[in-house]
$ cat coords_39.txt   # compact mmCIF, C-alpha atoms and all ligand atoms
# COMPACT_ATOMS: atom_id res chain seq x y z
CA MET A 588 89.19 89.73 95.90
CA SER A 589 92.21 91.33 94.27
CA GLY A 590 94.50 88.67 92.82
CA THR A 591 98.23 88.49 92.24
CA SER A 592 97.84 89.34 88.54
CA MET A 593 96.91 92.85 89.70
CA ASP A 594 94.42 93.00 86.85
CA GLY A 595 91.57 94.28 89.01
CA ILE A 596 88.91 93.47 91.58
CA ASP A 597 86.60 90.46 91.32
CA ALA A 598 83.30 90.36 93.19
CA ALA A 599 80.62 87.68 93.23
CA LEU A 600 77.39 86.95 95.03
CA ILE A 601 76.51 83.44 96.24
CA GLU A 602 73.88 81.91 98.45
CA THR A 603 75.48 79.45 100.84
CA ASP A 604 75.49 78.04 104.36
CA GLY A 605 79.25 77.52 104.12
CA GLU A 606 78.81 73.85 103.25
CA THR A 607 76.87 73.78 100.01
CA VAL A 608 76.21 76.46 97.44
CA CYS A 609 72.48 76.87 96.82
CA GLY A 610 72.66 79.68 94.30
CA PHE A 611 75.05 81.70 92.16
CA GLY A 612 74.39 85.42 91.81
CA PRO A 613 76.07 87.93 89.50
CA HIS A 614 79.83 88.34 89.12
CA MET A 615 81.83 91.41 88.20
CA THR A 616 85.46 92.24 87.45
CA VAL A 617 86.55 95.87 87.51
CA PRO A 618 90.03 96.40 86.07
CA TYR A 619 92.55 98.63 87.83
CA ASP A 620 93.69 101.68 85.94
CA PRO A 621 97.37 101.55 84.92
CA GLU A 622 98.37 104.19 87.52
CA PHE A 623 96.87 102.21 90.39
CA ARG A 624 98.46 99.01 89.09
CA THR A 625 101.85 100.72 89.13
CA ARG A 626 101.22 101.98 92.66
CA LEU A 627 100.25 98.48 93.77
CA ARG A 628 103.32 96.98 92.13
CA ASP A 629 105.53 99.49 93.93
CA MET A 630 104.13 98.30 97.26
CA LEU A 631 104.86 94.60 96.62
CA GLY A 632 107.50 93.28 98.96
CA ARG A 633 106.55 95.56 101.85
CA THR A 634 106.17 93.71 105.12
CA THR A 635 104.10 96.38 106.87
CA LEU A 636 101.65 99.06 105.85
CA VAL A 637 101.90 101.36 108.84
CA ASP A 638 103.47 104.37 107.12
CA GLU A 639 101.65 107.06 105.13
CA ASP A 640 101.85 105.16 101.79
CA GLY A 641 100.73 101.94 103.45
CA ARG A 642 97.75 103.55 105.14
CA ARG A 643 96.77 105.23 101.90
CA LEU A 644 96.92 101.90 100.08
CA ASN A 645 94.82 100.18 102.78
CA ARG A 646 92.21 102.91 102.44
CA ASP A 647 92.17 103.00 98.64
CA ILE A 648 91.92 99.22 98.28
CA ALA A 649 88.94 99.24 100.67
CA LEU A 650 87.23 102.15 98.88
CA ARG A 651 87.72 100.51 95.48
CA HIS A 652 86.33 97.21 96.75
CA ALA A 653 83.33 99.05 98.24
CA GLU A 654 82.66 100.64 94.85
CA VAL A 655 82.77 97.24 93.14
CA VAL A 656 80.43 95.64 95.70
CA ARG A 657 77.98 98.52 95.24
CA GLY A 658 78.16 97.98 91.48
CA LEU A 659 77.57 94.25 91.91
CA LEU A 660 74.49 94.84 94.05
CA ALA A 661 73.11 97.72 91.98
CA GLY A 662 71.10 95.53 89.65
CA SER A 663 69.80 93.15 92.31
CA ASP A 664 67.35 93.38 95.20
CA VAL A 665 69.59 91.32 97.47
CA THR A 666 71.29 92.66 100.59
CA PRO A 667 74.03 90.22 101.53
CA ASP A 668 74.32 88.95 105.11
CA LEU A 669 78.07 89.01 104.98
CA VAL A 670 81.00 90.10 102.80
CA GLY A 671 84.20 88.08 102.50
CA PHE A 672 87.23 90.29 101.81
CA HIS A 673 90.65 89.04 100.78
CA GLY A 674 92.38 92.33 99.99
CA HIS A 675 95.59 92.34 97.97
CA THR A 676 98.65 90.29 98.93
CA ILE A 677 101.76 92.42 98.99
CA TRP A 678 103.98 89.99 100.89
CA HIS A 679 103.78 86.27 101.61
CA ASP A 680 106.46 84.42 103.54
CA PRO A 681 105.21 81.32 105.35
CA VAL A 682 108.69 80.55 106.75
CA ALA A 683 108.62 83.88 108.58
CA ARG A 684 104.91 83.24 109.40
CA LEU A 685 104.03 86.49 107.74
CA THR A 686 101.44 87.20 105.07
CA VAL A 687 100.30 90.76 104.39
CA GLN A 688 97.11 91.70 102.56
CA ALA A 689 96.42 95.36 101.88
CA GLY A 690 92.87 96.61 102.45
CA ASP A 691 91.18 98.19 105.46
CA ALA A 692 88.36 95.79 106.33
CA ALA A 693 86.88 98.10 109.00
CA LEU A 694 86.55 100.86 106.43
CA LEU A 695 84.98 98.46 103.91
CA ALA A 696 82.40 97.40 106.52
CA LYS A 697 81.62 101.05 107.29
CA GLU A 698 81.34 102.01 103.62
CA LEU A 699 78.99 99.14 102.84
CA GLY A 700 77.07 99.11 106.11
CA LEU A 701 77.60 95.34 106.12
CA PRO A 702 79.62 92.93 108.26
CA VAL A 703 82.90 91.95 106.61
CA VAL A 704 85.03 88.87 107.28
CA ALA A 705 88.71 89.45 106.48
CA ASP A 706 92.22 88.42 107.65
CA LEU A 707 91.42 84.93 106.44
CA ARG A 708 95.04 83.76 106.15
CA GLN A 709 96.23 84.95 109.56
CA ALA A 710 95.25 82.13 111.93
CA ASP A 711 96.57 79.48 109.57
CA ILE A 712 99.95 81.09 109.00
CA ALA A 713 100.37 81.92 112.72
CA ALA A 714 99.82 78.24 113.52
CA GLY A 715 102.54 77.17 111.09
CA GLY A 716 100.38 76.59 108.01
CA GLU A 717 101.23 78.06 104.63
CA GLY A 718 98.36 80.55 104.85
CA ALA A 719 97.52 79.61 101.23
CA PRO A 720 95.84 78.35 99.17
CA LEU A 721 92.41 78.89 100.79
CA ALA A 722 90.14 78.28 97.80
CA PRO A 723 90.44 74.44 98.10
CA VAL A 724 87.57 74.10 100.58
CA TYR A 725 85.36 75.87 98.04
CA HIS A 726 86.66 73.69 95.20
CA GLY A 727 85.86 70.68 97.39
CA ALA A 728 82.29 71.87 97.99
CA LEU A 729 81.72 72.51 94.28
CA ALA A 730 83.21 69.16 93.27
CA SER A 731 81.11 67.06 95.66
CA PRO A 732 78.71 65.81 92.94
CA LEU A 733 81.54 64.93 90.50
CA ASP A 734 83.50 61.73 89.91
CA ARG A 735 86.83 61.80 91.76
CA PRO A 736 89.79 61.99 92.17
CA LEU A 737 89.96 65.17 90.19
CA ALA A 738 92.18 68.24 90.16
CA VAL A 739 91.04 71.86 90.10
CA LEU A 740 93.84 73.99 88.68
CA ASN A 741 93.70 77.77 89.12
CA VAL A 742 96.02 79.66 86.80
CA GLY A 743 96.05 83.20 88.19
CA GLY A 744 99.21 85.26 88.71
CA VAL A 745 100.48 82.28 90.69
CA ALA A 746 99.03 78.83 89.91
CA ASN A 747 97.54 76.54 92.54
CA VAL A 748 95.93 73.13 92.47
CA THR A 749 93.39 71.28 94.60
CA TRP A 750 93.39 67.48 94.38
CA ILE A 751 90.08 66.10 95.63
CA GLY A 752 89.92 62.40 96.40
CA LYS A 753 87.05 59.94 96.67
CA ARG A 754 86.09 61.05 100.19
CA GLY A 755 85.65 64.64 99.01
CA MET A 756 86.31 67.55 101.39
CA ASP A 757 88.01 65.24 103.91
CA ASP A 758 90.39 64.02 101.24
CA MET A 759 92.16 67.02 99.69
CA VAL A 760 95.73 67.95 98.87
CA ALA A 761 96.42 71.50 97.73
CA PHE A 762 99.39 73.74 97.01
CA ASP A 763 100.78 76.37 94.68
CA THR A 764 102.22 74.59 91.64
CA GLY A 765 104.51 77.43 90.55
CA PRO A 766 104.20 80.55 88.48
CA GLY A 767 100.95 81.27 86.68
CA ASN A 768 100.42 84.26 84.42
CA ALA A 769 102.53 86.71 86.44
CA PRO A 770 105.93 86.17 84.76
CA LEU A 771 104.25 85.92 81.33
CA ASP A 772 102.40 89.21 81.96
CA ASP A 773 105.63 90.85 83.13
CA TRP A 774 107.58 89.54 80.11
CA VAL A 775 104.97 90.64 77.58
CA SER A 776 104.58 94.01 79.25
CA ARG A 777 108.36 94.55 79.28
CA HIS A 778 108.76 93.64 75.58
CA THR A 779 105.52 94.83 74.00
CA GLY A 780 103.91 97.28 76.42
CA GLN A 781 100.75 95.13 76.48
CA PRO A 782 99.49 94.00 79.92
CA TYR A 783 99.21 90.30 78.91
CA ASP A 784 99.50 87.94 75.96
CA GLU A 785 95.94 88.18 74.70
CA ASP A 786 94.64 84.78 73.55
CA GLY A 787 98.22 83.51 73.66
CA ARG A 788 99.07 85.13 70.32
CA ARG A 789 102.74 85.74 71.12
CA ALA A 790 103.16 82.32 72.68
CA ALA A 791 101.57 80.70 69.61
CA ALA A 792 104.11 82.41 67.33
CA GLY A 793 107.21 81.40 69.31
CA THR A 794 109.48 78.39 69.72
CA LEU A 795 110.17 76.72 73.06
CA ALA A 796 113.70 77.41 74.35
CA GLU A 797 114.23 73.98 75.91
CA ASP A 798 117.57 74.78 77.53
CA ARG A 799 116.07 77.76 79.38
CA LEU A 800 113.03 75.73 80.43
CA LEU A 801 115.30 73.01 81.85
CA ARG A 802 117.25 75.62 83.79
CA LEU A 803 114.04 77.05 85.19
CA MET A 804 112.70 73.64 86.15
CA ASP A 805 115.83 73.18 88.30
CA THR A 806 114.22 75.50 90.87
CA PRO A 807 114.07 73.55 94.19
CA TYR A 808 110.44 74.61 94.75
CA PHE A 809 109.15 72.07 92.21
CA ALA A 810 110.70 69.10 94.00
CA ARG A 811 109.45 70.19 97.43
CA THR A 812 106.57 68.12 98.73
CA ALA A 813 103.23 69.75 99.49
CA PRO A 814 101.90 71.74 101.25
CA LYS A 815 103.76 74.73 99.87
CA SER A 816 102.93 78.23 98.70
CA LEU A 817 104.50 81.12 96.86
CA ASP A 818 104.78 84.86 96.84
CA ARG A 819 104.16 86.50 93.45
CA ARG A 820 107.77 87.64 93.36
CA ASP A 821 109.31 84.21 93.99
CA PHE A 822 109.59 83.69 90.25
CA ASP A 823 110.81 87.17 89.28
CA HIS A 824 114.19 85.65 88.39
CA VAL A 825 112.74 83.79 85.41
CA LEU A 826 112.75 86.92 83.29
CA ASP A 827 116.55 87.15 83.66
CA VAL A 828 116.92 83.52 82.58
CA LEU A 829 114.94 84.32 79.41
CA GLU A 830 116.97 87.40 78.56
CA GLY A 831 117.98 87.48 74.88
CA LEU A 832 114.95 85.54 73.63
CA SER A 833 112.47 87.18 71.28
CA PRO A 834 109.16 88.25 72.91
CA GLU A 835 107.46 85.31 71.19
CA ASP A 836 110.01 82.64 72.19
CA GLY A 837 110.00 83.98 75.75
CA ALA A 838 106.19 83.78 75.87
CA THR A 839 106.18 80.19 74.53
CA THR A 840 108.79 79.20 77.09
CA LEU A 841 106.90 80.84 79.96
CA VAL A 842 103.69 79.05 79.02
CA ALA A 843 105.69 75.82 78.97
CA LEU A 844 107.07 76.64 82.44
CA VAL A 845 103.55 76.97 83.86
CA ALA A 846 102.57 73.63 82.27
CA ALA A 847 105.79 71.83 83.29
CA ALA A 848 105.22 72.93 86.90
CA VAL A 849 101.74 71.42 86.74
CA VAL A 850 103.15 68.15 85.38
CA GLN A 851 105.57 68.12 88.34
CA ALA A 852 102.65 68.82 90.67
CA GLU A 853 101.05 65.52 89.79
CA ALA A 854 103.93 63.74 91.52
CA HIS A 855 102.82 65.30 94.82
CA MET A 856 99.26 63.98 94.56
CA PRO A 857 98.15 60.76 96.29
CA LEU A 858 96.67 59.36 93.05
CA PRO A 859 96.54 60.64 89.47
CA PRO A 860 93.42 62.75 88.92
CA ARG A 861 90.83 61.49 86.43
CA ARG A 862 90.40 64.95 84.98
CA TRP A 863 91.82 68.45 85.28
CA LEU A 864 89.38 71.35 85.60
CA VAL A 865 91.07 74.65 84.89
CA THR A 866 89.95 77.97 86.37
CA GLY A 867 91.46 81.49 86.53
CA GLY A 868 92.54 83.78 83.70
CA GLY A 869 95.07 81.27 82.36
CA ARG A 870 92.29 79.11 80.96
CA HIS A 871 91.66 81.88 78.41
CA ASN A 872 95.12 81.25 76.96
CA PRO A 873 94.65 78.57 74.28
CA VAL A 874 98.39 77.85 74.05
CA LEU A 875 98.49 77.03 77.76
CA MET A 876 95.38 74.86 77.53
CA GLU A 877 96.83 72.93 74.55
CA THR A 878 100.20 72.48 76.27
CA LEU A 879 98.52 71.19 79.43
CA ALA A 880 96.30 68.84 77.41
CA GLY A 881 99.36 67.53 75.56
CA TRP A 882 101.49 66.97 78.66
CA LEU A 883 99.00 65.70 81.25
CA LYS A 884 97.65 62.16 81.13
CA ALA A 885 94.00 62.95 82.00
CA PRO A 886 91.58 65.22 80.12
CA VAL A 887 92.05 68.97 80.64
CA GLU A 888 88.96 71.18 80.47
CA PRO A 889 87.95 74.66 81.60
CA VAL A 890 85.70 74.56 84.67
CA GLU A 891 82.81 75.69 82.46
CA ALA A 892 82.69 72.04 81.33
CA VAL A 893 81.05 71.26 84.68
CA GLY A 894 78.97 74.44 84.86
CA TRP A 895 81.23 76.60 87.05
CA ASP A 896 82.29 80.14 86.15
CA GLY A 897 86.08 80.35 86.08
CA ASP A 898 86.10 84.14 86.19
CA ALA A 899 84.01 84.14 89.38
CA ILE A 900 85.34 81.19 91.41
CA GLU A 901 87.98 83.07 93.36
CA ALA A 902 85.62 85.82 94.52
CA GLN A 903 82.93 83.23 95.24
CA ALA A 904 85.49 81.31 97.31
CA PHE A 905 86.02 84.27 99.63
CA ALA A 906 82.26 84.65 100.10
CA PHE A 907 82.13 80.95 100.96
CA LEU A 908 85.01 81.33 103.44
CA ALA A 909 83.15 84.19 105.15
CA ALA A 910 80.06 82.00 105.49
CA ARG A 911 82.21 79.25 107.02
CA TYR A 912 83.68 81.75 109.47
CA ARG A 913 80.19 82.62 110.66
CA ARG A 914 79.48 78.98 111.43
CA GLN A 915 83.00 78.49 112.78
CA LEU A 916 83.70 75.78 110.23
CA PRO A 917 87.34 75.14 109.27
CA ILE A 918 88.72 76.74 106.11
CA SER A 919 92.20 75.16 106.06
CA PHE A 920 93.37 71.61 106.67
CA PRO A 921 96.63 69.71 107.12
CA GLY A 922 96.39 68.61 103.47
CA THR A 923 95.67 72.05 102.01
CA THR A 924 97.96 74.42 103.90
CA GLY A 925 99.87 72.20 106.33
CA ALA A 926 97.80 73.58 109.23
CA PRO A 927 98.33 71.43 112.34
CA PHE A 928 94.59 70.60 112.40
CA PRO A 929 91.48 71.83 110.55
CA MET A 930 91.41 75.54 111.31
CA VAL A 931 88.77 78.23 111.46
CA GLY A 932 90.02 81.48 109.91
CA GLY A 933 88.97 85.09 109.62
CA ARG A 934 88.01 88.09 111.69
CA LEU A 935 84.68 89.87 111.76
CA TYR A 936 84.47 93.64 111.20
CA ARG A 937 81.10 95.19 112.01
CA PRO A 938 79.96 98.39 110.26
N1 LIG B 1 92.12 86.28 76.77
C1 LIG B 1 93.22 85.99 77.50
N2 LIG B 1 94.31 85.49 76.90
C2 LIG B 1 95.42 85.20 77.60
N3 LIG B 1 95.54 85.40 78.92
C3 LIG B 1 94.49 85.89 79.57
C4 LIG B 1 93.26 86.21 78.91
N4 LIG B 1 92.40 86.68 79.84
C5 LIG B 1 93.05 86.66 81.02
N5 LIG B 1 94.31 86.20 80.87
C6 LIG B 1 95.36 86.06 81.89
O1 LIG B 1 94.76 85.92 83.14
C7 LIG B 1 95.30 86.84 84.09
C8 LIG B 1 94.27 87.15 85.14
O2 LIG B 1 93.97 85.94 85.79
P1 LIG B 1 93.18 85.90 87.15
O3 LIG B 1 92.13 86.93 87.14
O4 LIG B 1 92.80 84.49 87.38
O5 LIG B 1 94.33 86.32 88.14
P2 LIG B 1 94.31 86.67 89.68
O6 LIG B 1 92.96 86.37 90.24
O7 LIG B 1 94.85 88.02 89.80
O8 LIG B 1 95.41 85.68 90.24
P3 LIG B 1 95.55 84.75 91.55
O9 LIG B 1 94.72 83.52 91.31
O10 LIG B 1 96.98 84.48 91.57
O11 LIG B 1 95.05 85.55 92.70
C9 LIG B 1 95.73 88.03 83.23
O12 LIG B 1 96.73 88.75 83.88
C10 LIG B 1 96.21 87.32 81.98
O13 LIG B 1 97.54 86.89 82.13
C1 LIG B 2 99.32 84.58 99.54
C2 LIG B 2 98.38 84.67 98.42
O1 LIG B 2 97.70 85.67 98.23
N1 LIG B 2 98.30 83.59 97.62
C3 LIG B 2 97.40 83.51 96.49
C4 LIG B 2 98.21 83.50 95.18
O2 LIG B 2 97.34 83.48 94.05
C5 LIG B 2 97.11 82.12 93.69
C6 LIG B 2 97.87 81.33 94.72
O3 LIG B 2 98.89 82.28 95.08
C7 LIG B 2 97.03 81.04 95.98
O4 LIG B 2 97.84 80.35 96.89
C8 LIG B 2 96.52 82.31 96.67
O5 LIG B 2 95.25 82.70 96.27
C9 LIG B 2 94.12 81.90 96.22
C10 LIG B 2 92.92 82.75 96.05
C11 LIG B 2 93.90 80.98 97.43
O6 LIG B 2 94.25 81.32 98.54
O7 LIG B 2 93.31 79.93 97.20
$ encode --input "coords_39.txt" --output "C-alpha cells"
Amino acid sequence: MSGTSMDGIDAALIETDGETVCGFGPHMTVPYDPEFRTRLRDMLGRTTLVDEDGRRLNRDIALRHAEVVRGLLAGSDVTPDLVGFHGHTIWHDPVARLTVQAGDAALLAKELGLPVVADLRQADIAAGGEGAPLAPVYHGALASPLDRPLAVLNVGGVANVTWIGKRGMDDMVAFDTGPGNAPLDDWVSRHTGQPYDEDGRRAAAGTLAEDRLLRLMDTPYFARTAPKSLDRRDFDHVLDVLEGLSPEDGATTLVALVAAAVVQAEAHMPLPPRRWLVTGGGRHNPVLMETLAGWLKAPVEPVEAVGWDGDAIEAQAFAFLAARYRRQLPISFPGTTGAPFPMVGGRLYRP
C-alpha cells in the first residue's frame, strides 16, 4: 500500500479468511527517497499512465513494492497465499467514474511468484460508487468484539472515517472527512523544508487563525452528505488561503482544519459514536490528538488502546480485501462507498 502522504510503502502480513483475522504478522514501512517522492508528486493529476513516464512509474512502483514484500517475508518462514496490492493513487474523480492507481500488478505477481489481487476500486467506481474508502470492511471486522457505535478515524494524507453501528459490518457508514496530513505536510515542507511537522512542534508553537479556518470550513464538501470521497489535490487551495501566516500559525490552523472537518463528519453519522479510535500517521501528532479530544464529545484514543497497530492497519486492510476477493465476499457497501449493492472488488493476477 502506498498512501496519499507519499511517505513510503507499507506492508503487513495477516492470517485471515476474509471474515475474521486470526493472526497478525510483521509490518514494515519503507520510506520513499526524496527523488522518487518528487517524481510521484509530478505524476499526480494524470488520468492515464500509457505513455513512457506512466509505464515507467507503473513498473517502478511494482518493483519497489516487490522489494518491500521480500523484506517483510525475509525474517519469517511464511509464504503467503495471496498478496493484496493497492498501488498509488494519482487521480481520483468519482463523478467521472475514474480512479487511477499506479503500479503494475502483473509485474508484482511475477516478481514475487505469488498471486496478487489488485484494481480493488475499479468495480465499485464503475458501478457509481465512490471507489473509496475501502478500509471500512476491515475496520468493521476488527471492531466486532468492541462496544458500538464507534468511529474509526484514519488520518493519512486524506482523512476518512468508518462509523460502525450496533449490528457491526452490516451497519456501517464511511466517507472521507476532509484533508488529513497532506496540506500540513505541504505547508511545512514549503516553509521549513521538512517533510512533515514532527510531533506537531510547529503546530504547538502557533496560534489558530480563526478567520482563515472559517473561510476554509466554507468548502461545500463538508456539508455534503455521505458517501463521499476526495482526491489528495482537492484541498490544494488551502495553502493559498493561509498565505501570509507564519509557518507555526499555518500549521496550527491546518491541524484545526483536520479536526473541524471531523467534527462536521459527526453530523453525517446515524448516531454519535461512543468513542473515536484514531489510526494513520496523524495519530502521532499530539496537537491533532488534543484538538480532536477537545472538540469531540466522546473519548478520542489511538487504535493501540484496543490492541490494533495504527501504522499497519492500512496495509493489513488490503491483505484482508484480497482474501475477501478470493471468497468473492463484498468489499464495498451502499453505506461505505455508495455502491448500488454490496460489491465484490478486485482482479487476480497470477505469476
Ligand atoms: N511523529 C509524527 N508527528 C507528526 N506527524 C506525523 C508523525 N508521524 C507521521 N506523521 C504524519 O503522518 C503522515 C503519514 O501518515 P500515513 O502513513 O497514515 O499516510 P498515508 O497512508 O500515506 O495516507 P492515506 O491514509 O491517505 O493513504 C506523515 O506524512 C505525517 O504527516
Ligand atoms: C482514492 C484513494 O486512494 N483514496 C484513499 C485516500 O487516503 C485516505 C482516504 O483517501 C481513503 O478514501 C483512501 O484510502 C484508504 C486506504 C481506503 O480506501 O480506505
$ residues_near_ligand --input "coords_39.txt" --ligand "ligand LIG 1 (chain B)" --cutoff "7 Å" --atoms "all atoms listed in the file" --output "list in words"
Ser589, Gly590, Thr591, Ser592, Met593, Asp594, Asn741, Val742, Gly743, Gly744, Val745, Ala746, Asn768, Ala769, Leu771, Asp772, Tyr783, Asp784, Glu785, Asp786, Gly787, Gly867, Gly868, Gly869, His871, Asn872, Asp898 and Glu901 of chain A
$ atom_distance --input "coords_39.txt" --atom1 "CA of Ala714 (chain A)" --atom2 "CA of Thr686 (chain A)"
12.4 Å
$ residues_around --input "coords_39.txt" --residues "region 845-847 of chain A" --least-positions-apart "2" --cutoff "8 Å" --atoms "only C-alpha atoms" --output "list in words"
Ala746, Gly765, Pro766, Gly767, Asn768, Met804, Leu841, Val842, Ala843, Val849, Val850, Gln851, Leu875, Thr878, Leu879 and Trp882 of chain A
$ residues_near_ligand --input "coords_39.txt" --ligand "ligand LIG 2 (chain B)" --cutoff "8 Å" --atoms "only C-alpha atoms and all ligand atoms" --output "PyMOL selection string"
chain A and resi 588+590-591+675-679+686-688+708+718-723+741-747+762-763+816-819+901+904-905
$ residues_around --input "coords_39.txt" --residues "Leu916 (chain A)" --least-positions-apart "5" --cutoff "12 Å" --atoms "only C-alpha atoms" --output "ChimeraX atom specification"
/A:604-606,724,907-911,929-933
$ atom_distance --input "coords_39.txt" --atom1 "CA of Ala790 (chain A)" --atom2 "CA of Val775 (chain A)"
9.8 Å
$ build_atoms --input "coords_39.txt" --residues "region 666-680 of chain A" --atoms "N, CA and C atoms" --output "short mmCIF file (atom, residue, chain, number, x, y, z; two decimals), keeping the file's coordinate frame"
data_model
loop_
_atom_site.label_atom_id
_atom_site.label_comp_id
_atom_site.auth_asym_id
_atom_site.auth_seq_id
_atom_site.Cartn_x
_atom_site.Cartn_y
_atom_site.Cartn_z
N THR A 666 70.32 92.08 99.66
CA THR A 666 71.29 92.66 100.59
C THR A 666 72.03 91.50 101.24
N PRO A 667 73.32 91.39 100.99
CA PRO A 667 74.03 90.22 101.53
C PRO A 667 74.09 90.25 103.06
N ASP A 668 74.16 89.06 103.66
CA ASP A 668 74.32 88.95 105.11
C ASP A 668 75.75 89.28 105.51
N LEU A 669 76.66 89.02 104.60
CA LEU A 669 78.07 89.01 104.98
C LEU A 669 78.92 89.24 103.73
N VAL A 670 80.05 89.91 103.91
CA VAL A 670 81.00 90.10 102.80
C VAL A 670 82.32 89.45 103.19
N GLY A 671 82.87 88.65 102.30
CA GLY A 671 84.20 88.08 102.50
C GLY A 671 85.20 88.93 101.74
N PHE A 672 86.28 89.32 102.40
CA PHE A 672 87.23 90.29 101.81
C PHE A 672 88.65 89.73 101.92
N HIS A 673 89.27 89.51 100.77
CA HIS A 673 90.65 89.04 100.78
C HIS A 673 91.65 90.19 100.85
N GLY A 674 91.37 91.28 100.12
CA GLY A 674 92.38 92.33 99.99
C GLY A 674 93.40 91.95 98.94
N HIS A 675 94.56 92.62 98.96
CA HIS A 675 95.59 92.34 97.97
C HIS A 675 96.89 91.94 98.66
N THR A 676 97.41 90.76 98.30
CA THR A 676 98.65 90.29 98.93
C THR A 676 99.84 91.10 98.44
N ILE A 677 100.54 91.70 99.39
CA ILE A 677 101.76 92.42 98.99
C ILE A 677 103.02 91.69 99.47
N TRP A 678 102.82 90.74 100.38
CA TRP A 678 103.98 89.99 100.89
C TRP A 678 103.48 88.65 101.43
N HIS A 679 104.19 87.58 101.11
CA HIS A 679 103.78 86.27 101.61
C HIS A 679 105.02 85.43 101.88
N ASP A 680 105.26 85.17 103.17
CA ASP A 680 106.46 84.42 103.54
C ASP A 680 106.11 83.46 104.68
#
